[in-house]
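Q: Sharing a structure here in structure tokens format.
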Amino acid sequence: MKKVHIKSYGCQMNVYDSQRMGDLLAPLGYEATGGPEDADLIILNTCHIREKAAEKVYSELGKLRQIKESRGRNGSAPVIAVAGCVAQAEGEEIVRRAKSVDLVFGPQTYHRLPQLLKSHAETGRSIVETEFPAEDKFDHLAKTKAKRGVTAFLTVQEGCDKFCTFCVVPYTRGAEFSRPVAQIETEARALAEAGVREITLLGQNVNAYHGMGLDGEIWSLARLITQLSRIDGIERLRFTTSHPRDMSDDLIAAHAENQKLMPYLHLPIQAGSDRILKDMNRGHCAQEYLKLIDRIRKAKPDIALSGDFIVGFPGETEADFAETLNVVREVRYASAFSFKYSPRPGTPAAEMAGQVPEDVKSDRLARLQDLLGTQQKAFNEACKSRDMKILLEKPGRREGQLIGRSPYLQSVYIDAGEHAIGDMVNVTIDAVGSNSLSAHIHP
């Protein structure tokens, strides 16, 4: 057996893509290894969303070059590959700056990995594959393998047509594309047969899903969820990440009606100022978002809401930031992700006037995170003494302890007794920590 080490950066979709790369490599005799030191193939599956993403990849490649040079002395130098969104954005620049890199391929071409490895072995040359292929990569992926645990990601939609001015996704992942329902259902059934009990449906803009249905008609995400909820063994469904403009009536209704769809929704707004939202090209105003939240909560009163926020977007004033805080106070989030704006090369916002000083961004982020943290703590505290079902996912730190996830995606620690990973258990929440809950099992 040959060994492969795949390091994933960033979003859940990269985790999914890395798993599918592993499926592609298994028939070639590759098995996973935990580190790069003994790997025959090293893949960095990169993300371009965070600040200085490319530089972090080049730093990692510097470390891998030393491994390659050291092992090259005895003829066992590994093949080094850069995949994902940094690969798509940087392309030939990667092999120019990092001579140790053998393969560069984007998120739309990793299905060609076996052919790329073969071509490199035959020619000894570095290969860059960052075109958007005409064929559907999902048609060329190997069948999903086992060893996914009891929860799994499943990509149903890729790309984005929204072109938010701060975002590189349309340039690195391409236009919106939705997989056919039959293809998704086949993969979901394979996951269920492998022991998966909870599936999270993924997409850069997942609620824009519009795939070919089993009846030849275009299906929405809500209809896809209804179909997948009929699969024996799948007890829970989630989806992420959504855009407010695509939160349709039938998807809101699905939260109220489908017992397998968990009461958790990640619905980013990014900012609370209408002026900033317009400059971001979000396509909605703050009041439209708040009205949407009201509709969702009327349909599913106990839903846990999560969001994304960017502070210090070009031109943001203290008054604009205050409007973001007002939105947060009105929504009352169960959890959220917040970041300082950082320019992405090639995006319109990177060239905008009014770039906000770093110290101002840091101050605003601290104040926002303090408010969000208070809200998360309040949501968790409200769960105390409540009964809920927990899916046991992994071992805890103590002997006999297991960790599960609540319907609201919180980590819950329990003394499991005779229960095992994969069991769904009824618990009562006993105590609340900063980022987790503890509970005991009841009949």
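Residue names in the structure tokens use chain letters A, B, ... in the order shown, residue numbers from 1 in each chain, and ligand numbers from 1 in the order shown.
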Which residues are close to Gly195 of chain A, i.e. within 12 Å by only C-alpha atoms, leaving aside same-chain residues fewer than 2 positions away? Reply as number ranges by chain.
A: A: 145-152, 188-193, 197-199, 232-235, 393, 421-423
Q: Write out, as a compact mmCIF listing (two decimals), in the first residue's frame, the residues just selected, with N, CA and C atoms.
A:
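Generated output (again28.txt):
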# COMPACT_ATOMS: atom_id res chain seq x y z
N LYS A 145 -16.96 5.53 -0.10
CA LYS A 145 -16.48 4.43 0.71
C LYS A 145 -16.99 4.54 2.14
N ALA A 146 -16.72 3.51 2.92
CA ALA A 146 -17.12 3.50 4.33
C ALA A 146 -16.17 4.39 5.13
N LYS A 147 -16.16 4.20 6.44
CA LYS A 147 -15.31 4.95 7.36
C LYS A 147 -15.63 6.44 7.35
N ARG A 148 -16.90 6.76 7.41
CA ARG A 148 -17.31 8.15 7.47
C ARG A 148 -17.79 8.53 8.86
N GLY A 149 -17.82 7.59 9.81
CA GLY A 149 -18.37 7.88 11.11
C GLY A 149 -19.89 7.87 11.06
N VAL A 150 -20.53 8.46 12.07
CA VAL A 150 -22.00 8.46 12.10
C VAL A 150 -22.58 9.74 11.53
N THR A 151 -21.74 10.74 11.26
CA THR A 151 -22.18 11.94 10.58
C THR A 151 -21.33 12.13 9.33
N ALA A 152 -21.91 12.77 8.33
CA ALA A 152 -21.18 12.95 7.07
C ALA A 152 -21.66 14.20 6.36
N ALA A 188 -26.27 9.25 -0.71
CA ALA A 188 -26.84 9.25 0.64
C ALA A 188 -27.15 7.84 1.11
N ARG A 189 -27.68 7.01 0.22
CA ARG A 189 -27.98 5.62 0.59
C ARG A 189 -26.71 4.84 0.90
N ALA A 190 -25.64 5.12 0.14
CA ALA A 190 -24.35 4.47 0.42
C ALA A 190 -23.83 4.89 1.79
N LEU A 191 -24.01 6.16 2.14
CA LEU A 191 -23.60 6.63 3.46
C LEU A 191 -24.41 5.95 4.56
N ALA A 192 -25.71 5.80 4.35
CA ALA A 192 -26.56 5.14 5.33
C ALA A 192 -26.13 3.69 5.52
N GLU A 193 -25.82 3.03 4.43
CA GLU A 193 -25.36 1.63 4.51
C GLU A 193 -24.04 1.52 5.25
N ARG A 197 -25.72 8.30 10.21
CA ARG A 197 -27.07 8.57 10.70
C ARG A 197 -27.48 10.03 10.53
N GLU A 198 -26.52 10.91 10.34
CA GLU A 198 -26.82 12.33 10.13
C GLU A 198 -26.03 12.84 8.94
N ILE A 199 -26.70 13.49 8.01
CA ILE A 199 -26.07 14.05 6.82
C ILE A 199 -26.28 15.55 6.81
N ASP A 232 -33.96 4.85 4.95
CA ASP A 232 -33.82 4.14 6.21
C ASP A 232 -32.41 4.32 6.76
N GLY A 233 -32.32 4.60 8.05
CA GLY A 233 -31.02 4.76 8.70
C GLY A 233 -30.61 6.20 8.85
N ILE A 234 -31.08 7.09 7.99
CA ILE A 234 -30.78 8.51 8.12
C ILE A 234 -31.81 9.13 9.06
N GLU A 235 -31.32 9.54 10.24
CA GLU A 235 -32.21 10.06 11.27
C GLU A 235 -32.24 11.59 11.31
N GLU A 393 -21.50 10.73 18.92
CA GLU A 393 -20.60 10.80 17.76
C GLU A 393 -19.17 10.33 18.02
N ILE A 421 -21.25 4.80 20.26
CA ILE A 421 -21.25 5.78 19.18
C ILE A 421 -22.25 5.32 18.11
N GLY A 422 -23.08 6.26 17.67
CA GLY A 422 -24.11 5.94 16.70
C GLY A 422 -25.49 5.81 17.31
N ASP A 423 -25.55 5.66 18.64
CA ASP A 423 -26.85 5.57 19.31
C ASP A 423 -27.49 6.95 19.40
Q: Show me, as an mmCIF file with C-alpha atoms, in the first residue's frame, the residues that have an atom within 10 Å of segment 92-104 of chain A when counting only C-alpha atoms, minus same-chain residues fewer than 3 positions from it.
A:
data_model
loop_
_atom_site.group_PDB
_atom_site.id
_atom_site.type_symbol
_atom_site.label_atom_id
_atom_site.label_comp_id
_atom_site.auth_asym_id
_atom_site.auth_seq_id
_atom_site.Cartn_x
_atom_site.Cartn_y
_atom_site.Cartn_z
ATOM 1 C CA ILE A 42 0.772 14.837 0.145
ATOM 2 C CA ILE A 43 -2.248 16.966 -0.795
ATOM 3 C CA LEU A 44 -2.969 20.411 0.630
ATOM 4 C CA ALA A 54 -2.091 31.893 -0.049
ATOM 5 C CA VAL A 57 -0.033 27.642 1.928
ATOM 6 C CA TYR A 58 3.413 28.763 0.749
ATOM 7 C CA SER A 59 4.649 28.565 4.337
ATOM 8 C CA LEU A 61 4.973 24.149 1.245
ATOM 9 C CA GLY A 62 8.307 25.367 2.608
ATOM 10 C CA LEU A 64 7.077 20.044 2.889
ATOM 11 C CA ARG A 65 10.015 20.918 0.623
ATOM 12 C CA GLN A 66 12.386 19.973 3.434
ATOM 13 C CA LYS A 68 10.810 16.025 0.067
ATOM 14 C CA GLU A 69 14.510 16.913 -0.149
ATOM 15 C CA PRO A 78 6.739 12.204 -1.999
ATOM 16 C CA VAL A 79 4.533 13.742 -4.660
ATOM 17 C CA ILE A 80 3.263 17.121 -3.425
ATOM 18 C CA ALA A 81 -0.073 18.468 -4.660
ATOM 19 C CA VAL A 82 -1.953 21.702 -4.004
ATOM 20 C CA ALA A 83 -5.709 21.458 -4.470
ATOM 21 C CA GLY A 84 -8.726 23.622 -3.716
ATOM 22 C CA VAL A 86 -5.907 28.696 -3.544
ATOM 23 C CA ALA A 87 -4.811 26.335 -6.309
ATOM 24 C CA GLN A 88 -7.600 27.663 -8.526
ATOM 25 C CA ALA A 89 -6.704 31.280 -7.784
ATOM 26 C CA THR A 109 -10.913 19.103 -11.421
ATOM 27 C CA TYR A 110 -9.962 16.822 -8.544
ATOM 28 C CA LEU A 113 -6.447 13.164 -9.868
ATOM 29 C CA LEU A 116 -2.798 13.705 -13.200
ATOM 30 C CA LEU A 117 -0.724 11.333 -11.058
ATOM 31 C CA HIS A 120 3.310 13.215 -13.646
ATOM 32 C CA ALA A 121 4.814 9.748 -13.155
ATOM 33 C CA GLY A 124 8.259 13.955 -14.269
ATOM 34 C CA ARG A 125 6.920 17.447 -14.947
ATOM 35 C CA SER A 126 4.735 19.630 -12.735
ATOM 36 C CA ILE A 127 1.114 19.744 -13.883
ATOM 37 C CA VAL A 128 -1.363 22.591 -13.409
ATOM 38 C CA GLU A 129 -5.047 21.790 -14.005
ATOM 39 C CA THR A 130 -7.297 24.743 -13.156
#
Q: Give me, as a Markdown table, each residue of segment 333-412 of chain A that comes within 9 Å of segment 254-267 of chain A, together with its shortest interatomic pair and the distance in Å at one decimal, counting only C-alpha atoms, with rows ordered by chain and rising residue number.
A:
| residue | atom | partner | partner_atom | distance |
| --- | --- | --- | --- | --- |
| A:Ser335 | CA | A:His266 | CA | 8.9 |
| A:Ala336 | CA | A:His266 | CA | 8.3 |
| A:Pro407 | CA | A:Met262 | CA | 5.5 |
| A:Tyr408 | CA | A:Tyr264 | CA | 5.3 |
| A:Leu409 | CA | A:Tyr264 | CA | 7.2 |
Q: For Gln401 of chain A, which residue among A:Cys164, A:Ile414, A:Ala350, A:Met247 is the nearest when counting only C-alpha atoms?
A: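 Among A:Cys164, A:Ile414, A:Ala350, A:Met247, it is A:Ile414 that comes nearest to Gln401 of chain A.
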Q: Excluding Gly373 of chain A and any residue of its chain fewer than 5 positions from it, enumerate the residues within 10 Å of it, using only C-alpha atoms, and give them as a PDB file with C-alpha atoms, in the first residue's frame.
A:
ATOM      1  CA  TYR A 333     -28.295  34.318  17.600  1.00  0.00           C
ATOM      2  CA  ALA A 334     -27.534  30.925  19.108  1.00  0.00           C
ATOM      3  CA  SER A 335     -24.073  31.045  17.522  1.00  0.00           C
ATOM      4  CA  ALA A 336     -22.242  33.049  14.893  1.00  0.00           C
ATOM      5  CA  ARG A 367     -17.407  44.435  20.675  1.00  0.00           C
ATOM      6  CA  LEU A 368     -19.389  42.314  18.224  1.00  0.00           C
ATOM      7  CA  ALA A 378     -28.019  32.823  26.920  1.00  0.00           C
ATOM      8  CA  PHE A 379     -29.187  30.286  24.328  1.00  0.00           C
ATOM      9  CA  SER A 434     -18.922  28.151  27.509  1.00  0.00           C
ATOM     10  CA  ASN A 435     -19.056  26.016  24.362  1.00  0.00           C
TER      11      ASN A 435
END
Q: Residues at most 7 Å from Ile390 of chain A, counting only C-alpha atoms, excluding those fewer than 5 positions away in the same chain, as a list in words?
A: Gly404, Arg405, Ser406, Met424, Val425, Asn426 and Val427 of chain A
Q: Output C-alpha atoms for every residue in that selection, as a PDB file, in the first residue's frame.
A:
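Now in result_12.pdb:
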ATOM      1  CA  GLY A 404     -22.958  13.890  20.950  1.00  0.00           C
ATOM      2  CA  ARG A 405     -24.659  16.718  19.124  1.00  0.00           C
ATOM      3  CA  SER A 406     -27.928  18.292  20.124  1.00  0.00           C
ATOM      4  CA  MET A 424     -29.586   8.165  19.585  1.00  0.00           C
ATOM      5  CA  VAL A 425     -30.313   8.739  23.266  1.00  0.00           C
ATOM      6  CA  ASN A 426     -32.769  10.801  25.287  1.00  0.00           C
ATOM      7  CA  VAL A 427     -31.008  13.128  27.710  1.00  0.00           C
TER       8      VAL A 427
END
Q: May I ask which of the residues A:Pro395, A:Gly272, A:Gly35, A:Gly91 is the closest one to Thr317 of chain A, counting only C-alpha atoms?
A: A:Gly272
Q: Once DSSP has gone over the backbone, tell me which residues of segment 104-281 of chain A are in strand (DSSP E), as an NGL selection string.
A: :A and (104-105 or 127-129 or 151-155 or 157-158 or 177-178 or 198-202 or 210-212 or 218-220 or 236-240 or 264-266)
Q: Residues as selected, N, CA and C atoms, written as a tab-separated table (two decimals), in the first residue's frame, can you do that?
A:
chain	number	residue	atom	x	y	z
A	104	VAL	N	-0.99	20.84	-9.30
A	104	VAL	CA	-1.87	21.92	-8.86
A	104	VAL	C	-3.20	21.72	-9.57
A	105	PHE	N	-4.27	21.59	-8.78
A	105	PHE	CA	-5.59	21.40	-9.41
A	105	PHE	C	-6.68	22.03	-8.56
A	127	ILE	N	2.35	19.62	-13.10
A	127	ILE	CA	1.11	19.74	-13.88
A	127	ILE	C	0.17	20.71	-13.18
A	128	VAL	N	-0.37	21.64	-13.93
A	128	VAL	CA	-1.36	22.59	-13.41
A	128	VAL	C	-2.67	22.38	-14.15
A	129	GLU	N	-3.73	22.08	-13.42
A	129	GLU	CA	-5.05	21.79	-14.00
A	129	GLU	C	-6.09	22.64	-13.28
A	151	THR	N	-21.74	10.74	11.26
A	151	THR	CA	-22.18	11.94	10.58
A	151	THR	C	-21.33	12.13	9.33
A	152	ALA	N	-21.91	12.77	8.33
A	152	ALA	CA	-21.18	12.95	7.07
A	152	ALA	C	-21.66	14.20	6.36
A	153	PHE	N	-20.76	14.78	5.56
A	153	PHE	CA	-21.10	15.87	4.66
A	153	PHE	C	-21.43	15.29	3.29
A	154	LEU	N	-22.33	15.96	2.57
A	154	LEU	CA	-22.68	15.55	1.21
A	154	LEU	C	-22.91	16.81	0.39
A	155	THR	N	-22.03	17.05	-0.56
A	155	THR	CA	-22.17	18.24	-1.40
A	155	THR	C	-23.31	18.04	-2.40
A	157	GLN	N	-24.63	21.13	-4.00
A	157	GLN	CA	-24.61	22.33	-4.83
A	157	GLN	C	-23.23	22.97	-4.71
A	158	GLU	N	-22.73	23.51	-5.80
A	158	GLU	CA	-21.44	24.20	-5.78
A	158	GLU	C	-21.56	25.54	-6.51
A	177	PHE	N	-24.10	25.33	-9.54
A	177	PHE	CA	-24.38	24.04	-10.16
A	177	PHE	C	-25.03	23.14	-9.12
A	178	SER	N	-26.12	22.49	-9.50
A	178	SER	CA	-26.83	21.59	-8.59
A	178	SER	C	-26.79	20.17	-9.12
A	198	GLU	N	-26.52	10.91	10.34
A	198	GLU	CA	-26.82	12.33	10.13
A	198	GLU	C	-26.03	12.84	8.94
A	199	ILE	N	-26.70	13.49	8.01
A	199	ILE	CA	-26.07	14.05	6.82
A	199	ILE	C	-26.28	15.55	6.81
A	200	THR	N	-25.20	16.29	6.56
A	200	THR	CA	-25.27	17.72	6.34
A	200	THR	C	-25.09	17.99	4.85
A	201	LEU	N	-26.10	18.55	4.22
A	201	LEU	CA	-26.06	18.87	2.80
A	201	LEU	C	-25.29	20.18	2.63
A	202	LEU	N	-24.33	20.18	1.72
A	202	LEU	CA	-23.41	21.31	1.56
A	202	LEU	C	-23.61	22.02	0.24
A	210	HIS	N	-31.23	23.68	-7.22
A	210	HIS	CA	-32.30	23.49	-8.22
A	210	HIS	C	-31.86	22.37	-9.15
A	211	GLY	N	-31.87	21.13	-8.62
A	211	GLY	CA	-31.37	19.99	-9.37
A	211	GLY	C	-32.47	19.23	-10.07
A	212	MET	N	-32.06	18.43	-11.05
A	212	MET	CA	-33.01	17.60	-11.79
A	212	MET	C	-33.58	16.54	-10.88
A	218	ILE	N	-37.44	20.21	-12.15
A	218	ILE	CA	-36.42	20.81	-11.29
A	218	ILE	C	-36.95	20.83	-9.86
A	219	TRP	N	-36.15	20.27	-8.94
A	219	TRP	CA	-36.54	20.20	-7.54
A	219	TRP	C	-35.82	21.26	-6.72
A	220	SER	N	-36.50	21.75	-5.70
A	220	SER	CA	-35.91	22.68	-4.75
A	220	SER	C	-35.17	21.90	-3.67
A	236	ARG	N	-31.19	12.20	10.79
A	236	ARG	CA	-31.09	13.66	10.87
A	236	ARG	C	-30.55	14.23	9.58
A	237	LEU	N	-31.07	15.42	9.22
A	237	LEU	CA	-30.58	16.16	8.06
A	237	LEU	C	-30.36	17.62	8.45
A	238	ARG	N	-29.28	18.19	7.91
A	238	ARG	CA	-28.98	19.61	8.07
A	238	ARG	C	-28.53	20.13	6.71
A	239	PHE	N	-28.42	21.46	6.59
A	239	PHE	CA	-27.86	22.04	5.37
A	239	PHE	C	-27.16	23.35	5.70
A	240	THR	N	-26.13	23.66	4.92
A	240	THR	CA	-25.37	24.91	5.08
A	240	THR	C	-24.53	25.10	3.82
A	264	TYR	N	-31.99	24.05	13.19
A	264	TYR	CA	-30.78	24.88	13.20
A	264	TYR	C	-30.62	25.45	11.80
A	265	LEU	N	-30.38	26.75	11.71
A	265	LEU	CA	-30.25	27.39	10.40
A	265	LEU	C	-29.12	28.41	10.43
A	266	HIS	N	-28.16	28.22	9.54
A	266	HIS	CA	-27.07	29.19	9.36
A	266	HIS	C	-27.47	30.10	8.20
Q: Quick one, how far is atom CA of Ile293 of chain A from atom CA of Ser362 of chain A?
A: 28.2 Å
Q: Within 12 Å of Val360 of chain A, counting only C-alpha atoms, which residues show up once you throw out same-chain ones fewer than 2 positions away? Write them as a ChimeraX atom specification, please.
A: /A:311-318,321,340-341,355-358,362-367
Q: For a test of reading the model, state the distance in Å between atom CA of Ser273 of chain A and atom CA of Asp320 of chain A, rounded to one decimal.
A: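 These atoms are spaced 5.1 Å apart.
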Q: Residues of segment 172-237 of chain A classed as alpha helix (DSSP H) by DSSP on the backbone are to be reported as a PDB file with N, CA and C atoms, in the first residue's frame.
A:
ATOM      1  N   THR A 172     -13.409  31.046  -7.827  1.00  0.00           N
ATOM      2  CA  THR A 172     -12.673  29.812  -7.542  1.00  0.00           C
ATOM      3  C   THR A 172     -13.541  28.557  -7.666  1.00  0.00           C
ATOM      4  N   VAL A 181     -30.930  14.842  -8.339  1.00  0.00           N
ATOM      5  CA  VAL A 181     -31.441  14.194  -7.131  1.00  0.00           C
ATOM      6  C   VAL A 181     -31.030  12.734  -7.077  1.00  0.00           C
ATOM      7  N   ALA A 182     -31.125  12.020  -8.204  1.00  0.00           N
ATOM      8  CA  ALA A 182     -30.811  10.591  -8.210  1.00  0.00           C
ATOM      9  C   ALA A 182     -29.372  10.347  -7.789  1.00  0.00           C
ATOM     10  N   GLN A 183     -28.457  11.193  -8.247  1.00  0.00           N
ATOM     11  CA  GLN A 183     -27.048  11.052  -7.902  1.00  0.00           C
ATOM     12  C   GLN A 183     -26.831  11.282  -6.406  1.00  0.00           C
ATOM     13  N   ILE A 184     -27.488  12.306  -5.874  1.00  0.00           N
ATOM     14  CA  ILE A 184     -27.374  12.616  -4.449  1.00  0.00           C
ATOM     15  C   ILE A 184     -27.967  11.496  -3.613  1.00  0.00           C
ATOM     16  N   GLU A 185     -29.126  10.998  -4.017  1.00  0.00           N
ATOM     17  CA  GLU A 185     -29.787   9.947  -3.248  1.00  0.00           C
ATOM     18  C   GLU A 185     -28.948   8.673  -3.222  1.00  0.00           C
ATOM     19  N   THR A 186     -28.318   8.333  -4.342  1.00  0.00           N
ATOM     20  CA  THR A 186     -27.445   7.148  -4.386  1.00  0.00           C
ATOM     21  C   THR A 186     -26.302   7.288  -3.380  1.00  0.00           C
ATOM     22  N   GLU A 187     -25.698   8.473  -3.330  1.00  0.00           N
ATOM     23  CA  GLU A 187     -24.602   8.696  -2.392  1.00  0.00           C
ATOM     24  C   GLU A 187     -25.102   8.666  -0.951  1.00  0.00           C
ATOM     25  N   ALA A 188     -26.269   9.250  -0.710  1.00  0.00           N
ATOM     26  CA  ALA A 188     -26.837   9.252   0.643  1.00  0.00           C
ATOM     27  C   ALA A 188     -27.154   7.839   1.108  1.00  0.00           C
ATOM     28  N   ARG A 189     -27.681   7.011   0.224  1.00  0.00           N
ATOM     29  CA  ARG A 189     -27.982   5.616   0.593  1.00  0.00           C
ATOM     30  C   ARG A 189     -26.706   4.841   0.901  1.00  0.00           C
ATOM     31  N   ALA A 190     -25.644   5.118   0.138  1.00  0.00           N
ATOM     32  CA  ALA A 190     -24.354   4.470   0.419  1.00  0.00           C
ATOM     33  C   ALA A 190     -23.831   4.891   1.791  1.00  0.00           C
ATOM     34  N   LEU A 191     -24.014   6.159   2.136  1.00  0.00           N
ATOM     35  CA  LEU A 191     -23.598   6.631   3.460  1.00  0.00           C
ATOM     36  C   LEU A 191     -24.405   5.948   4.560  1.00  0.00           C
ATOM     37  N   ALA A 192     -25.711   5.802   4.345  1.00  0.00           N
ATOM     38  CA  ALA A 192     -26.559   5.136   5.333  1.00  0.00           C
ATOM     39  C   ALA A 192     -26.133   3.686   5.522  1.00  0.00           C
ATOM     40  N   GLU A 193     -25.818   3.030   4.432  1.00  0.00           N
ATOM     41  CA  GLU A 193     -25.364   1.628   4.513  1.00  0.00           C
ATOM     42  C   GLU A 193     -24.035   1.519   5.246  1.00  0.00           C
ATOM     43  N   LEU A 221     -34.449  22.628  -2.817  1.00  0.00           N
ATOM     44  CA  LEU A 221     -33.769  21.987  -1.695  1.00  0.00           C
ATOM     45  C   LEU A 221     -34.778  21.334  -0.759  1.00  0.00           C
ATOM     46  N   ALA A 222     -35.909  21.977  -0.531  1.00  0.00           N
ATOM     47  CA  ALA A 222     -36.923  21.408   0.359  1.00  0.00           C
ATOM     48  C   ALA A 222     -37.411  20.059  -0.156  1.00  0.00           C
ATOM     49  N   ARG A 223     -37.626  19.961  -1.461  1.00  0.00           N
ATOM     50  CA  ARG A 223     -38.101  18.692  -2.023  1.00  0.00           C
ATOM     51  C   ARG A 223     -37.010  17.627  -1.963  1.00  0.00           C
ATOM     52  N   LEU A 224     -35.766  18.037  -2.170  1.00  0.00           N
ATOM     53  CA  LEU A 224     -34.651  17.102  -2.016  1.00  0.00           C
ATOM     54  C   LEU A 224     -34.587  16.575  -0.590  1.00  0.00           C
ATOM     55  N   ILE A 225     -34.733  17.457   0.393  1.00  0.00           N
ATOM     56  CA  ILE A 225     -34.705  17.047   1.797  1.00  0.00           C
ATOM     57  C   ILE A 225     -35.818  16.053   2.092  1.00  0.00           C
ATOM     58  N   THR A 226     -37.005  16.291   1.550  1.00  0.00           N
ATOM     59  CA  THR A 226     -38.125  15.358   1.741  1.00  0.00           C
ATOM     60  C   THR A 226     -37.763  13.982   1.216  1.00  0.00           C
ATOM     61  N   GLN A 227     -37.133  13.929   0.042  1.00  0.00           N
ATOM     62  CA  GLN A 227     -36.749  12.643  -0.549  1.00  0.00           C
ATOM     63  C   GLN A 227     -35.693  11.935   0.302  1.00  0.00           C
ATOM     64  N   LEU A 228     -34.686  12.663   0.751  1.00  0.00           N
ATOM     65  CA  LEU A 228     -33.617  12.044   1.531  1.00  0.00           C
ATOM     66  C   LEU A 228     -34.101  11.605   2.908  1.00  0.00           C
TER      67      LEU A 228
END
Q: From the options A:Lys291, A:Lys7, A:Lys278, A:Arg332, which residue's atoms come nearest to Ala304 of chain A, counting only C-alpha atoms?
A: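 Using only C-alpha atoms, the shortest distance to Ala304 of chain A belongs to A:Arg332.
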Q: Within 9 Å of Val4 of chain A, counting only C-alpha atoms, which residues qualify if same-chain residues fewer than 2 places away don't, as a VMD selection string?
A: chain A and resid 2 6 22 25 30 to 36 38 to 43
Q: Please, could you write that set of residues out with C-alpha atoms as a tab-separated table (two decimals), in the first residue's frame?
A:
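Generated file (again15.tsv):
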chain	number	residue	atom	x	y	z
A	2	LYS	CA	1.04	3.57	-0.74
A	6	ILE	CA	-4.55	15.07	2.82
A	22	GLY	CA	-9.44	9.54	-0.74
A	25	LEU	CA	-7.08	7.14	-4.56
A	30	TYR	CA	-3.39	4.52	-1.37
A	31	GLU	CA	-4.35	4.45	2.28
A	32	ALA	CA	-4.55	7.47	4.58
A	33	THR	CA	-1.75	8.37	6.97
A	34	GLY	CA	-1.91	10.93	9.75
A	35	GLY	CA	1.11	13.04	8.80
A	36	PRO	CA	3.25	13.99	5.81
A	38	ASP	CA	5.80	8.91	5.68
A	39	ALA	CA	3.35	9.80	2.89
A	40	ASP	CA	3.97	8.95	-0.76
A	41	LEU	CA	1.45	11.61	-1.78
A	42	ILE	CA	0.77	14.84	0.14
A	43	ILE	CA	-2.25	16.97	-0.80
Q: Could you jot down the atom CA of Cys47 of chain A to atom CA of Gln270 of chain A separation for me, Å, one decimal place?
A: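 Between atom CA of Cys47 of chain A and atom CA of Gln270 of chain A the gap works out to 19.2 Å.
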Q: Excluding Ile429 of chain A and its own-chain neighbours fewer than 3 positions away, which residues fall within 6 Å of it when counting only C-alpha atoms? Please give them as a JSON list (two decimals) with C-alpha atoms, in the first residue's frame.
A:
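Output file out-v8.json follows:
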[["chain", "number", "residue", "atom", "x", "y", "z"],
["A", 384, "LYS", "CA", -30.67, 23.71, 30.93],
["A", 385, "SER", "CA", -33.13, 21.14, 32.35],
["A", 386, "ARG", "CA", -34.54, 20.52, 28.87],
["A", 438, "SER", "CA", -23.42, 18.16, 29.85],
["A", 439, "ALA", "CA", -26.34, 15.81, 30.35]]
